[in-house]
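Peer 1: To be precise about what I am sending: the file is called work.tsv and holds TSV, C-alpha atoms.
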```tsv
chain	number	residue	atom	x	y	z
U	1	MET	CA	0.00	0.00	0.00
U	2	PRO	CA	1.23	3.59	-0.52
U	3	TYR	CA	3.31	5.10	2.25
U	4	ALA	CA	0.90	6.78	4.67
U	5	MET	CA	2.44	6.54	8.17
U	6	GLU	CA	2.67	9.83	10.01
U	7	GLN	CA	6.20	11.18	9.99
U	8	PRO	CA	8.05	13.36	12.52
U	9	SER	CA	8.43	17.03	11.68
U	10	SER	CA	11.77	18.53	10.73
U	11	ASP	CA	11.71	20.45	14.05
U	12	GLN	CA	11.43	17.16	15.96
U	13	VAL	CA	14.36	15.73	14.04
U	14	ARG	CA	16.41	18.88	14.61
U	15	ALA	CA	15.70	18.66	18.35
U	16	LEU	CA	16.95	15.08	18.38
U	17	LEU	CA	20.04	16.02	16.38
U	18	GLY	CA	20.79	18.67	19.02
U	19	ARG	CA	21.80	15.86	21.38
U	20	PHE	CA	24.71	15.00	19.11
U	21	PHE	CA	25.64	18.20	17.26
U	22	ASP	CA	25.61	21.95	17.69
U	23	PRO	CA	22.20	23.02	16.29
U	24	ALA	CA	23.96	25.75	14.30
U	25	SER	CA	25.80	23.05	12.31
U	26	ILE	CA	22.59	21.45	11.01
U	27	ALA	CA	22.62	22.53	7.36
U	28	GLY	CA	19.38	20.88	6.32
U	29	VAL	CA	16.72	18.31	7.22
U	30	THR	CA	14.38	16.76	4.66
U	31	ILE	CA	11.75	14.12	5.33
U	32	ALA	CA	9.71	12.49	2.56
U	33	ALA	CA	8.06	9.08	2.16
U	34	GLY	CA	9.63	7.74	5.35
U	35	ARG	CA	13.14	8.81	4.40
U	36	ALA	CA	15.16	11.39	6.28
U	37	SER	CA	18.16	13.19	4.76
U	38	ILE	CA	20.29	15.35	7.04
U	39	ALA	CA	23.40	17.42	6.32
U	40	ILE	CA	25.73	18.53	9.13
U	41	GLU	CA	28.39	21.15	8.44
U	42	ILE	CA	31.68	20.43	10.19
U	43	ASN	CA	35.32	21.40	10.22
U	44	PRO	CA	36.94	18.76	7.94
U	45	ALA	CA	39.73	18.30	10.49
U	46	ARG	CA	37.14	16.87	12.93
U	47	ALA	CA	35.61	14.37	10.48
U	48	ALA	CA	37.09	11.30	12.18
U	49	GLU	CA	36.01	12.23	15.71
U	50	LEU	CA	32.50	13.19	14.57
U	51	GLU	CA	31.88	9.92	12.78
U	52	LYS	CA	30.68	8.27	16.00
U	53	PRO	CA	28.04	10.92	16.85
U	54	ARG	CA	26.99	10.88	13.19
U	55	ALA	CA	26.29	7.14	13.39
U	56	GLU	CA	24.56	7.52	16.78
U	57	ALA	CA	22.34	10.31	15.43
U	58	GLU	CA	21.47	8.22	12.40
U	59	HIS	CA	20.48	5.31	14.65
U	60	ALA	CA	18.41	7.53	16.95
U	61	ILE	CA	16.47	9.08	14.06
U	62	ALA	CA	15.83	5.64	12.57
U	63	GLU	CA	13.99	4.75	15.79
U	64	LEU	CA	11.43	7.54	15.29
U	65	PRO	CA	7.94	6.37	14.23
U	66	GLY	CA	7.38	6.82	10.51
U	67	ILE	CA	11.07	6.79	9.56
U	68	GLU	CA	12.13	3.93	7.30
U	69	ARG	CA	15.58	5.02	6.23
U	70	VAL	CA	18.06	7.70	7.33
U	71	HIS	CA	21.11	9.35	5.79
U	72	VAL	CA	23.16	11.72	7.96
U	73	VAL	CA	26.06	13.19	6.01
U	74	LEU	CA	28.95	15.32	7.26
U	75	THR	CA	29.83	18.13	4.89
U	76	ALA	CA	32.69	20.58	5.08
U	77	ALA	CA	31.72	24.04	6.28
U	78	LYS	CA	33.01	26.85	4.09
U	79	ALA	CA	35.91	28.43	5.94
U	80	ALA	CA	36.50	32.15	5.56
U	81	ALA	CA	39.69	33.11	3.76
U	82	PRO	CA	42.43	34.72	5.89
U	83	ALA	CA	42.08	38.50	5.91
U	84	ALA	CA	45.60	39.11	4.61
U	85	ALA	CA	45.43	36.56	1.84
U	86	PRO	CA	44.61	37.88	-1.63
U	87	ALA	CA	41.69	36.33	-3.44
U	88	ALA	CA	42.79	33.52	-5.69
U	89	ALA	CA	42.08	33.94	-9.38
U	90	PRO	CA	39.48	31.50	-10.74
U	91	ARG	CA	40.94	28.48	-12.50
U	92	ALA	CA	39.48	28.01	-15.94
U	93	HIS	CA	40.35	24.32	-16.03
U	94	ALA	CA	39.77	23.31	-12.41
U	95	HIS	CA	39.02	19.63	-11.97
U	96	PRO	CA	35.56	18.74	-10.61
U	97	PRO	CA	35.47	17.51	-6.99
U	98	GLN	CA	36.33	13.89	-6.39
U	99	GLN	CA	33.33	11.60	-5.99
U	100	PRO	CA	33.02	7.98	-4.81
U	101	ALA	CA	33.65	5.35	-7.47
U	102	LYS	CA	30.63	4.54	-9.59
U	103	ARG	CA	28.61	1.43	-8.81
U	104	PRO	CA	26.26	-0.21	-11.29
U	105	LEU	CA	22.53	-0.04	-10.66
U	106	ASP	CA	21.31	-3.55	-9.95
U	107	GLY	CA	19.33	-4.98	-12.83
U	108	VAL	CA	19.81	-1.93	-15.13
U	109	ARG	CA	21.73	-2.45	-18.37
U	110	HIS	CA	22.12	1.14	-19.53
U	111	VAL	CA	21.71	4.53	-17.85
U	112	ILE	CA	21.49	7.59	-20.08
U	113	ALA	CA	21.21	11.27	-19.17
U	114	VAL	CA	19.03	13.72	-21.07
U	115	ALA	CA	20.57	17.09	-20.33
U	116	SER	CA	20.59	20.74	-21.31
U	117	GLY	CA	22.83	23.64	-20.48
U	118	LYS	CA	19.84	25.79	-19.52
U	119	GLY	CA	16.15	25.49	-18.71
U	120	GLY	CA	13.26	26.12	-21.05
U	121	VAL	CA	14.53	24.16	-24.05
U	122	GLY	CA	12.09	21.24	-23.70
U	123	LYS	CA	14.48	18.77	-22.09
U	124	SER	CA	11.87	17.06	-19.89
U	125	THR	CA	9.37	16.67	-22.73
U	126	THR	CA	12.18	15.24	-24.87
U	127	ALA	CA	13.21	12.83	-22.08
U	128	ALA	CA	9.66	11.51	-21.63
U	129	ASN	CA	8.99	11.02	-25.33
U	130	LEU	CA	12.43	9.49	-25.88
U	131	ALA	CA	11.74	7.00	-23.08
U	132	LEU	CA	8.37	6.09	-24.61
U	133	ALA	CA	9.97	5.73	-28.05
U	134	LEU	CA	12.64	3.41	-26.62
U	135	ALA	CA	9.90	1.36	-24.95
U	136	GLY	CA	8.16	1.16	-28.32
U	137	LEU	CA	11.36	-0.39	-29.69
U	138	GLY	CA	10.98	-3.29	-27.26
U	139	GLN	CA	13.09	-1.97	-24.39
U	140	LYS	CA	12.19	-2.09	-20.70
U	141	VAL	CA	12.55	1.59	-19.76
U	142	GLY	CA	12.49	3.69	-16.62
U	143	VAL	CA	12.47	7.49	-16.13
U	144	LEU	CA	14.22	9.15	-13.20
U	145	ASP	CA	13.35	12.83	-12.76
U	146	ALA	CA	16.54	14.24	-11.27
U	147	ASP	CA	15.41	17.87	-11.48
U	148	ILE	CA	15.07	18.32	-7.71
U	149	TYR	CA	14.16	22.02	-7.84
U	150	GLY	CA	11.71	21.81	-10.74
U	151	PRO	CA	10.39	18.25	-11.19
U	152	SER	CA	7.91	17.81	-14.04
U	153	GLN	CA	7.85	14.15	-15.09
U	154	HIS	CA	4.90	13.36	-12.82
U	155	ARG	CA	2.89	15.94	-14.78
U	156	ILE	CA	4.14	14.89	-18.22
U	157	LEU	CA	3.49	11.19	-17.49
U	158	GLY	CA	0.20	11.79	-15.69
U	159	LEU	CA	1.37	10.32	-12.36
U	160	LYS	CA	-0.53	10.83	-9.11
U	161	GLY	CA	-0.35	9.45	-5.58
U	162	LYS	CA	2.61	8.27	-3.53
U	163	PRO	CA	5.06	5.47	-4.35
U	164	GLU	CA	4.84	2.28	-2.34
U	165	VAL	CA	7.58	0.98	-0.07
U	166	THR	CA	8.65	-2.64	-0.64
U	167	GLY	CA	9.37	-5.17	2.08
U	168	ASN	CA	13.10	-4.39	1.94
U	169	LYS	CA	12.35	-0.67	2.36
U	170	MET	CA	12.97	0.23	-1.27
U	171	LEU	CA	10.69	2.66	-3.08
U	172	GLN	CA	8.57	1.00	-5.75
U	173	PRO	CA	8.63	3.08	-8.94
U	174	MET	CA	5.31	4.26	-10.32
U	175	LEU	CA	4.06	2.87	-13.62
U	176	ALA	CA	3.15	5.13	-16.54
U	177	PHE	CA	2.33	3.77	-20.00
U	178	GLY	CA	4.68	0.83	-19.51
U	179	LEU	CA	7.48	2.95	-18.04
U	180	LYS	CA	8.82	2.77	-14.50
U	181	ALA	CA	9.10	6.29	-13.12
U	182	MET	CA	10.26	8.11	-10.01
U	183	THR	CA	10.40	11.82	-9.22
U	184	ILE	CA	10.73	14.00	-6.15
U	185	GLY	CA	7.50	15.58	-7.42
U	186	LEU	CA	5.64	12.55	-6.05
U	187	LEU	CA	7.20	12.87	-2.60
U	188	VAL	CA	6.71	16.55	-1.73
U	189	PRO	CA	3.77	18.95	-2.22
U	190	GLU	CA	3.87	20.85	-5.51
U	191	ASP	CA	3.65	24.20	-3.72
U	192	GLN	CA	6.61	23.44	-1.45
U	193	ALA	CA	9.84	25.18	-2.40
U	194	MET	CA	12.88	22.88	-2.44
U	195	ILE	CA	15.28	25.07	-0.46
U	196	TRP	CA	18.07	22.51	-0.27
U	197	ARG	CA	21.80	22.99	-0.13
U	198	GLY	CA	24.27	20.88	-2.09
U	199	PRO	CA	24.62	17.94	0.33
U	200	MET	CA	20.84	17.59	0.60
U	201	VAL	CA	20.48	17.47	-3.17
U	202	GLN	CA	23.27	14.90	-3.44
U	203	GLY	CA	21.61	12.72	-0.80
U	204	ALA	CA	18.21	12.93	-2.50
U	205	LEU	CA	19.67	12.07	-5.91
U	206	ASN	CA	21.51	9.07	-4.51
U	207	GLN	CA	18.31	7.84	-2.88
U	208	LEU	CA	16.36	8.20	-6.11
U	209	MET	CA	19.04	6.23	-7.94
U	210	ARG	CA	19.97	3.62	-5.34
U	211	GLU	CA	16.86	3.15	-3.19
U	212	VAL	CA	14.29	2.59	-5.91
U	213	ALA	CA	13.48	-0.91	-7.16
U	214	TRP	CA	14.32	-0.21	-10.80
U	215	ALA	CA	15.21	-3.76	-11.87
U	216	PRO	CA	14.80	-5.20	-14.37
U	217	LEU	CA	15.43	-2.44	-16.92
U	218	ASP	CA	17.18	-2.24	-20.25
U	219	ILE	CA	17.47	1.56	-20.09
U	220	LEU	CA	17.03	4.11	-17.31
U	221	VAL	CA	16.52	7.62	-18.72
U	222	ILE	CA	17.59	10.35	-16.28
U	223	ASP	CA	15.93	13.72	-16.82
U	224	MET	CA	18.82	15.89	-15.64
U	225	PRO	CA	18.52	19.28	-13.94
U	226	PRO	CA	19.35	22.13	-16.33
U	227	GLY	CA	22.85	23.57	-16.11
U	228	THR	CA	26.28	22.23	-15.17
U	229	GLY	CA	26.40	22.61	-11.39
U	230	ASP	CA	26.70	20.42	-8.32
U	231	ALA	CA	23.64	18.25	-8.98
U	232	GLN	CA	24.77	17.51	-12.53
U	233	LEU	CA	28.26	16.55	-11.34
U	234	THR	CA	26.78	14.28	-8.66
U	235	ILE	CA	24.88	12.30	-11.27
U	236	SER	CA	27.69	12.34	-13.82
U	237	GLN	CA	30.26	11.09	-11.35
U	238	GLN	CA	28.16	8.62	-9.36
U	239	ALA	CA	25.66	7.17	-11.83
U	240	PRO	CA	26.99	4.50	-14.23
U	241	LEU	CA	26.08	6.53	-17.31
U	242	SER	CA	26.36	4.85	-20.69
U	243	GLY	CA	26.04	8.22	-22.38
U	244	ALA	CA	24.29	11.58	-22.54
U	245	VAL	CA	21.83	13.22	-24.92
U	246	VAL	CA	22.09	17.03	-24.96
U	247	VAL	CA	18.96	19.02	-25.88
U	248	SER	CA	19.10	22.56	-27.24
U	249	THR	CA	17.06	24.98	-29.29
U	250	PRO	CA	18.72	26.47	-32.40
U	251	GLN	CA	19.03	29.83	-30.65
U	252	ASP	CA	22.60	31.12	-30.21
U	253	LEU	CA	22.15	31.76	-26.48
U	254	ALA	CA	20.89	28.21	-25.89
U	255	LEU	CA	23.74	26.77	-27.95
U	256	ILE	CA	26.32	28.45	-25.72
U	257	ASP	CA	24.88	26.61	-22.72
U	258	ALA	CA	24.51	23.35	-24.63
U	259	THR	CA	28.21	23.56	-25.47
U	260	ARG	CA	28.96	23.85	-21.75
U	261	ALA	CA	26.89	20.73	-21.09
U	262	VAL	CA	28.82	18.79	-23.73
U	263	SER	CA	32.08	20.05	-22.21
U	264	MET	CA	31.05	18.94	-18.72
U	265	PHE	CA	30.26	15.40	-19.84
U	266	LYS	CA	33.54	15.17	-21.72
U	267	LYS	CA	35.48	16.29	-18.62
U	268	VAL	CA	33.94	13.50	-16.54
U	269	ALA	CA	34.45	10.95	-19.34
U	270	ILE	CA	30.76	10.43	-20.19
U	271	PRO	CA	30.19	9.54	-23.87
U	272	ILE	CA	28.03	12.01	-25.79
U	273	LEU	CA	25.32	10.03	-27.58
U	274	GLY	CA	24.39	13.12	-29.54
U	275	VAL	CA	22.60	16.46	-29.70
U	276	VAL	CA	18.88	17.05	-30.31
U	277	GLU	CA	17.59	20.30	-31.79
U	278	ASN	CA	14.24	20.99	-30.11
U	279	MET	CA	11.73	23.66	-31.26
U	280	SER	CA	13.51	23.44	-34.57
U	281	THR	CA	10.78	24.54	-36.98
U	282	TYR	CA	7.28	25.95	-36.62
U	283	VAL	CA	4.69	25.06	-39.25
U	284	CYS	CA	1.47	27.07	-39.15
U	285	PRO	CA	-1.45	24.63	-38.69
U	286	ASN	CA	-3.69	26.88	-40.80
U	287	CYS	CA	-1.64	27.82	-43.85
U	288	GLY	CA	1.33	25.44	-43.64
U	289	HIS	CA	3.88	28.27	-43.66
U	290	GLU	CA	7.21	27.25	-42.13
U	291	ALA	CA	8.89	29.67	-39.72
U	292	HIS	CA	12.14	29.44	-37.79
U	293	ILE	CA	11.22	31.25	-34.59
U	294	PHE	CA	14.41	30.32	-32.75
U	295	GLY	CA	16.53	29.92	-35.86
U	296	HIS	CA	17.18	26.59	-37.54
U	297	GLY	CA	20.09	24.20	-37.82
U	298	GLY	CA	22.16	25.80	-35.08
U	299	ALA	CA	22.28	22.67	-32.92
U	300	ARG	CA	23.25	20.57	-35.94
U	301	ASP	CA	26.09	22.95	-36.80
U	302	GLU	CA	27.26	23.07	-33.18
U	303	ALA	CA	27.23	19.27	-32.92
U	304	TYR	CA	29.49	18.95	-35.95
U	305	ARG	CA	31.75	21.69	-34.65
U	306	LEU	CA	32.11	19.83	-31.34
U	307	GLY	CA	32.67	16.51	-33.07
U	308	VAL	CA	29.57	14.80	-31.65
U	309	ASP	CA	26.63	13.19	-33.44
U	310	PHE	CA	23.47	15.05	-34.35
U	311	LEU	CA	20.46	12.90	-33.45
U	312	GLY	CA	17.62	14.84	-35.04
U	313	GLU	CA	15.16	17.73	-34.98
U	314	ILE	CA	11.91	18.10	-33.05
U	315	PRO	CA	9.50	20.79	-34.29
U	316	LEU	CA	7.84	23.51	-32.24
U	317	HIS	CA	4.21	22.43	-32.20
U	318	ALA	CA	1.22	23.09	-29.96
U	319	ASP	CA	0.31	19.40	-29.86
U	320	ILE	CA	3.64	18.48	-28.26
U	321	ARG	CA	3.10	21.12	-25.59
U	322	ARG	CA	-0.57	20.25	-25.07
U	323	THR	CA	-0.09	16.51	-24.70
U	324	SER	CA	2.75	17.03	-22.22
U	325	ASP	CA	0.58	19.38	-20.13
U	326	GLU	CA	-2.28	16.87	-20.21
U	327	GLY	CA	-0.12	13.97	-19.02
U	328	ARG	CA	-0.32	11.94	-22.22
U	329	PRO	CA	2.79	12.62	-24.33
U	330	ILE	CA	2.67	12.92	-28.10
U	331	MET	CA	4.23	9.44	-28.54
U	332	LEU	CA	0.99	8.05	-27.11
U	333	GLU	CA	-1.52	10.63	-28.29
U	334	GLN	CA	-0.41	10.58	-31.94
U	335	PRO	CA	1.82	7.49	-32.34
U	336	ASP	CA	1.54	7.50	-36.13
U	337	GLY	CA	2.07	11.25	-36.55
U	338	PRO	CA	5.17	13.08	-37.77
U	339	HIS	CA	6.20	14.25	-34.28
U	340	ALA	CA	6.21	10.72	-32.87
U	341	ALA	CA	8.19	9.66	-35.94
U	342	ALA	CA	10.83	12.29	-35.13
U	343	TYR	CA	11.21	11.04	-31.55
U	344	ARG	CA	11.26	7.43	-32.77
U	345	ALA	CA	14.10	8.17	-35.21
U	346	ILE	CA	16.12	9.73	-32.38
U	347	ALA	CA	15.41	6.72	-30.15
U	348	GLU	CA	16.57	4.34	-32.88
U	349	ARG	CA	19.89	6.20	-33.17
U	350	VAL	CA	20.35	6.27	-29.38
U	351	LEU	CA	19.61	2.55	-29.08
U	352	ALA	CA	21.97	1.74	-31.94
U	353	LYS	CA	24.76	3.64	-30.20
U	354	LEU	CA	24.07	1.93	-26.87
U	355	GLU	CA	24.13	-1.49	-28.50
U	356	GLY	CA	27.05	-0.64	-30.78
U	357	GLY	CA	25.07	-1.53	-33.89
U	358	ALA	CA	25.40	-0.44	-37.46
U	359	GLY	CA	23.12	2.55	-36.99
U	360	ALA	CA	25.24	4.09	-34.28
U	361	LYS	CA	26.18	7.15	-36.30
U	362	ALA	CA	23.84	9.94	-37.30
U	363	PRO	CA	23.44	10.48	-41.04
U	364	PRO	CA	26.38	12.24	-42.72
U	365	ARG	CA	26.04	15.91	-43.48
U	366	ILE	CA	26.23	17.00	-47.11
U	367	SER	CA	28.00	20.31	-47.51
U	368	ILE	CA	27.74	22.33	-50.73
U	369	SER	CA	30.30	25.07	-51.17
```
Here is the file; what I need is its structure written in the form of structure tokens.
Peer 2:
Amino acid sequence: MPYAMEQPSSDQVRALLGRFFDPASIAGVTIAAGRASIAIEINPARAAELEKPRAEAEHAIAELPGIERVHVVLTAAKAAAPAAAPAAAPRAHAHPPQQPAKRPLDGVRHVIAVASGKGGVGKSTTAANLALALAGLGQKVGVLDADIYGPSQHRILGLKGKPEVTGNKMLQPMLAFGLKAMTIGLLVPEDQAMIWRGPMVQGALNQLMREVAWAPLDILVIDMPPGTGDAQLTISQQAPLSGAVVVSTPQDLALIDATRAVSMFKKVAIPILGVVENMSTYVCPNCGHEAHIFGHGGARDEAYRLGVDFLGEIPLHADIRRTSDEGRPIMLEQPDGPHAAAYRAIAERVLAKLEGGAGAKAPPRISIS
């Protein structure tokens, strides 16, 4: 049955934590679906001595009614720079922070990220329709909505209610049109702002990846948060990604951010499966006139410039927006239409690259000079 047991409030958990740590060091407390995630800011030099109270606090919180699983993490407090020391110049090629070694997800063959350098380019709609297209190709597919601050997959896939908790205290993914799906949007009220610091986001993402009963899956599609920050690095460096799909509009400003996304994945040694140009062309439903509202072909040109594959174009069309808003994506609403065909062609190229088949490369570009 869905998780319904009454849970302690964050104030109750903070009061309990006060027995083990200075209350001022409690960076964040989040409780959802029987899971508690707590971040404690400490001086890194005291990490060893504070490990015991960390474990004791974790055990004490686990004893509270309504709590099924607890993660208490120690995170380094930001120390102020010495007054006499000059500010260090930013390093253009600084290495990303070290993360624990990647572990495979049990029962999942491939994990792919659908990413964008910025929001508003249709990444989540692309992720959902790509997942449905892959399922239509005979794959067992799951969707993980990793956009902690702005989850949307529960809306796009028409999901409601709370996920169940299995006998081994794993979250059971929700089912949507043959897909397994999980999103923080199912665990917290839609009107609740996610005011979480970095360690809280990292803990939540790890729970969504590691504490959900995904198996068996051929492909897990991760709808990434927009941008190239801490959350993106957490997924890139901890999830066993087989590759990434980068979504952009043809607009120059969007392409700048898409280039940053490609660069981030390359720096953490994640293969780029290819680039998708979303909102590529607008065709008037009344007169058939074709307009390039955001430009056209920019993502294709940028993909070739970066030396990565171009996967295809998705048009700007009211039906794609409408079906996503209504919780029944275009792949289901109009499976034989031209928009579904565009997503299906992209899915075929992605699957070919994952399996190493003959269709792994996007079609060659013909250049006339």
Peer 1: Write out as a ChimeraX atom specification the residues lying within 7 Å of Lys180 (chain U), counting all atoms listed in the file and excluding same-chain residues fewer than 6 positions away.
Peer 2: /U:141-143,173-174
Peer 1: Between U:Gly34, U:Gly136, U:Pro53, U:Pro104, which residue has the minimum interatomic distance to Ile67 (chain U), considering only C-alpha atoms?
Peer 2: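 For Ile67 (chain U), the nearest of the candidates is U:Gly34.
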Peer 1: My list of candidates is U:Gly327, U:Gly66, U:Pro338, U:Gly274. Which is closest to Gly307 (chain U) when distances are computed with only C-alpha atoms?
Peer 2: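 The answer is U:Gly274, which sits nearest to Gly307 (chain U).
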Peer 1: Let me make sure I understand: among U:Asn43, U:Gln139, U:Thr259, U:Gln202, which one has the smallest atom-to-atom distance to Val72 (chain U) if we use all atoms listed in the file?
Peer 2: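 Closest candidate: U:Gln202.
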Peer 1: Tell me which protein, DNA and RNA residues are within 12 Å of Ala127 (chain U), counting only C-alpha atoms, leaving out same-chain ones fewer than 6 positions away, and put them as a ChimeraX atom specification.
Peer 2: /U:112-116,121,133-134,141-147,152-153,156-157,181,220-225,244-247,276,278,324,329,331,343,346-347
Peer 1: Between U:Val70, U:Leu208, U:Ile235, U:Ala342, which is the closest to Ala36 (chain U) once you count all atoms listed in the file?
Peer 2: U:Val70
